[in-house]
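Peer 1: Okay, here's the structure, questions in a sec.
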Amino acid sequence: MQVSEHDNLSNVAEIGGNGRLSDLAYTRILETLFERKIPAGAFVSQNDLVKLLGIPVAPLRDALRILETEGVLTIHPRSGIQFVKPGLELTRSTYQFRSIIERAAVAVFAETVDEAELGEIERRHIEVTRRIEAEGLTDWARGELEQLEVVLHNSIIASLNNPLIETTYKRMHNYLRLVRLDRKLTAPLALRSLREHMEIILACKARDPEKAAAALSTHFTAALQRHMGMY
């Protein structure tokens, strides 16, 4: 794997005091993977990562060990690091986890969410839907879709007010981003996902936890089927 000077995100001097280097290494490894600077499934050397990330060896190793326990990569001693390549099993497992956690959370969300917060989420969904219908799937729309995905689902999880669940959910979100790397998003698919979100939002507006849970399950089943179609 060739690493150019341009690809180096920064050098050690630029890191300064911004937190522990191992935490920074952890974040940079993931972002580099999500930005496709490291292809999913790639096999790279430790030296490649040092040059690419601008992180010293010791904190890099700490970050790699954490990511290995999280299932993002496998460390092969004296050989290199292999990143996970998303497939059917990881996709199924990710959506199964989301369904278990979020079905419980959305019932709480439906009963407790602030009306103004939910109204703003609804407004943004309507605006993005309108723009996609009029202009197609522009870069702006893609960016908004990503933000709305985070806003809605993170708000649902936050309603549980459980730090342990939130931490675990953030880790799961790394798997979700990996699964989505190769998805082929089109305007019809984007609109379908937005409509599914709106069903959840409307059930929450009606303060109907059972209907909200059912709408969430429908959304996850459809999303899983869309992802499974990639393999």
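A note on labels: chains of the structure tokens are A, B, ... as shown, every chain counts residues from 1, and ligands are counted from 1 in their shown order.
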With a distance cut-off of 12 Å and only C-alpha atoms, select the neighbouring residues of Val150 (chain A), excluding the residue or stretch itself and same-chain residues fewer than 4 positions from it, and output the selection as a ChimeraX atom specification.

Peer 2: /A:121,143-146,154-158,169-170,173,176-177,197

Peer 1: How would you write, as a ChimeraX atom specification, the set of residues in region 33-176 of chain A that DSSP gives as helix (DSSP H, G or I)?

Peer 2: /A:33-34,46-53,57-69,88-112,115-135,139-158,163-176

Peer 1: Please produce a file of the residues just selected, as a compact mmCIF listing (two decimals), in the first residue's frame, where the atoms kept are C-alpha atoms.

Peer 2:
# COMPACT_ATOMS: atom_id res chain seq x y z
CA LEU A 33 -11.69 3.67 6.75
CA PHE A 34 -15.03 5.46 6.28
CA GLN A 46 1.59 -1.08 10.89
CA ASN A 47 4.13 1.20 9.18
CA ASP A 48 1.56 2.09 6.53
CA LEU A 49 -0.83 3.26 9.24
CA VAL A 50 1.85 5.24 11.06
CA LYS A 51 2.61 7.16 7.86
CA LEU A 52 -1.00 7.57 6.85
CA LEU A 53 -2.29 8.75 10.21
CA VAL A 57 3.52 3.40 17.04
CA ALA A 58 2.62 2.95 20.74
CA PRO A 59 -0.75 4.77 20.75
CA LEU A 60 -1.53 3.29 17.34
CA ARG A 61 -1.12 -0.20 18.77
CA ASP A 62 -3.43 0.67 21.67
CA ALA A 63 -6.10 1.85 19.23
CA LEU A 64 -5.69 -1.21 17.03
CA ARG A 65 -6.18 -3.54 20.00
CA ILE A 66 -9.43 -1.78 20.91
CA LEU A 67 -10.69 -1.93 17.33
CA GLU A 68 -9.83 -5.63 17.20
CA THR A 69 -11.99 -6.30 20.27
CA LEU A 88 -24.27 -10.77 5.07
CA GLU A 89 -23.49 -11.77 8.65
CA LEU A 90 -22.29 -8.35 9.80
CA THR A 91 -25.29 -6.72 8.10
CA ARG A 92 -27.78 -9.06 9.76
CA SER A 93 -26.13 -8.73 13.15
CA THR A 94 -26.08 -4.93 12.96
CA TYR A 95 -29.77 -4.64 12.14
CA GLN A 96 -30.73 -7.27 14.70
CA PHE A 97 -28.93 -5.25 17.38
CA ARG A 98 -30.55 -2.01 16.24
CA SER A 99 -34.00 -3.58 16.26
CA ILE A 100 -33.66 -4.98 19.79
CA ILE A 101 -32.38 -1.74 21.29
CA GLU A 102 -34.44 0.79 19.34
CA ARG A 103 -37.81 -0.95 19.65
CA ALA A 104 -37.58 -0.45 23.40
CA ALA A 105 -36.24 3.08 23.02
CA VAL A 106 -38.80 4.32 20.51
CA ALA A 107 -41.66 3.46 22.86
CA VAL A 108 -40.10 5.76 25.46
CA PHE A 109 -39.32 8.35 22.80
CA ALA A 110 -42.93 8.41 21.61
CA GLU A 111 -44.17 9.19 25.12
CA THR A 112 -41.50 11.66 26.23
CA GLU A 115 -42.96 18.46 20.69
CA ALA A 116 -40.66 21.20 19.42
CA GLU A 117 -37.79 18.75 18.95
CA LEU A 118 -39.99 16.29 17.10
CA GLY A 119 -41.49 19.09 15.02
CA GLU A 120 -38.04 20.18 13.87
CA ILE A 121 -37.12 16.60 12.94
CA GLU A 122 -40.36 16.33 10.96
CA ARG A 123 -39.77 19.67 9.24
CA ARG A 124 -36.31 18.61 8.08
CA HIS A 125 -37.63 15.32 6.71
CA ILE A 126 -40.35 17.12 4.76
CA GLU A 127 -37.84 19.62 3.36
CA VAL A 128 -35.39 16.94 2.21
CA THR A 129 -38.22 14.91 0.67
CA ARG A 130 -39.44 17.97 -1.23
CA ARG A 131 -35.96 18.81 -2.51
CA ILE A 132 -35.24 15.25 -3.67
CA GLU A 133 -38.57 15.08 -5.49
CA ALA A 134 -37.79 18.39 -7.23
CA GLU A 135 -34.03 18.17 -7.78
CA ASP A 139 -24.85 16.21 -2.75
CA TRP A 140 -26.80 18.44 -0.37
CA ALA A 141 -29.56 15.85 -0.11
CA ARG A 142 -27.06 13.06 0.55
CA GLY A 143 -25.53 15.06 3.36
CA GLU A 144 -28.92 15.85 4.87
CA LEU A 145 -29.98 12.21 4.67
CA GLU A 146 -26.92 11.19 6.67
CA GLN A 147 -27.63 13.88 9.26
CA LEU A 148 -31.30 12.96 9.56
CA GLU A 149 -30.39 9.31 10.07
CA VAL A 150 -28.16 10.29 12.98
CA VAL A 151 -30.57 12.87 14.42
CA LEU A 152 -33.63 10.62 14.48
CA HIS A 153 -32.04 7.39 15.68
CA ASN A 154 -29.68 9.02 18.19
CA SER A 155 -32.61 10.98 19.63
CA ILE A 156 -34.53 7.74 20.03
CA ILE A 157 -31.62 6.12 21.86
CA ALA A 158 -31.01 9.22 24.00
CA PRO A 163 -24.95 5.93 29.14
CA LEU A 164 -24.12 2.23 28.76
CA ILE A 165 -26.60 1.80 25.93
CA GLU A 166 -25.45 5.03 24.25
CA THR A 167 -21.80 3.89 24.33
CA THR A 168 -22.70 0.48 22.90
CA TYR A 169 -24.89 2.08 20.24
CA LYS A 170 -22.03 4.32 19.12
CA ARG A 171 -19.88 1.23 18.61
CA MET A 172 -22.68 -0.39 16.61
CA HIS A 173 -22.87 2.74 14.47
CA ASN A 174 -19.31 2.04 13.30
CA TYR A 175 -20.54 -1.29 11.92
CA LEU A 176 -23.48 0.45 10.27

Peer 1: For Thr186 (chain A), which residue among A:Gly54, A:Gly136, A:Gly229, A:Pro86 is the nearest when counting only C-alpha atoms?

Peer 2: A:Gly136

Peer 1: From a DSSP pass on the backbone, collect the residues of region 58-163 of chain A flagged as strand (DSSP E or B) and hand them back as a list in words.

Peer 2: Leu73, Thr74, Ile75, His76, Gly80, Ile81, Gln82 and Phe83 of chain A

Peer 1: Which is closest to Cys204 (chain A) among A:Asp114, A:Leu30, A:His227, A:Leu181, if we use only C-alpha atoms?

Peer 2: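 The answer is A:Asp114, which sits nearest to Cys204 (chain A).
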
Peer 1: To one decimal place, how far is CA of Ser193 (chain A) from CA of Lys211 (chain A) in Å?

Peer 2: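 Separation of CA of Ser193 (chain A) and CA of Lys211 (chain A): 17.4 Å.
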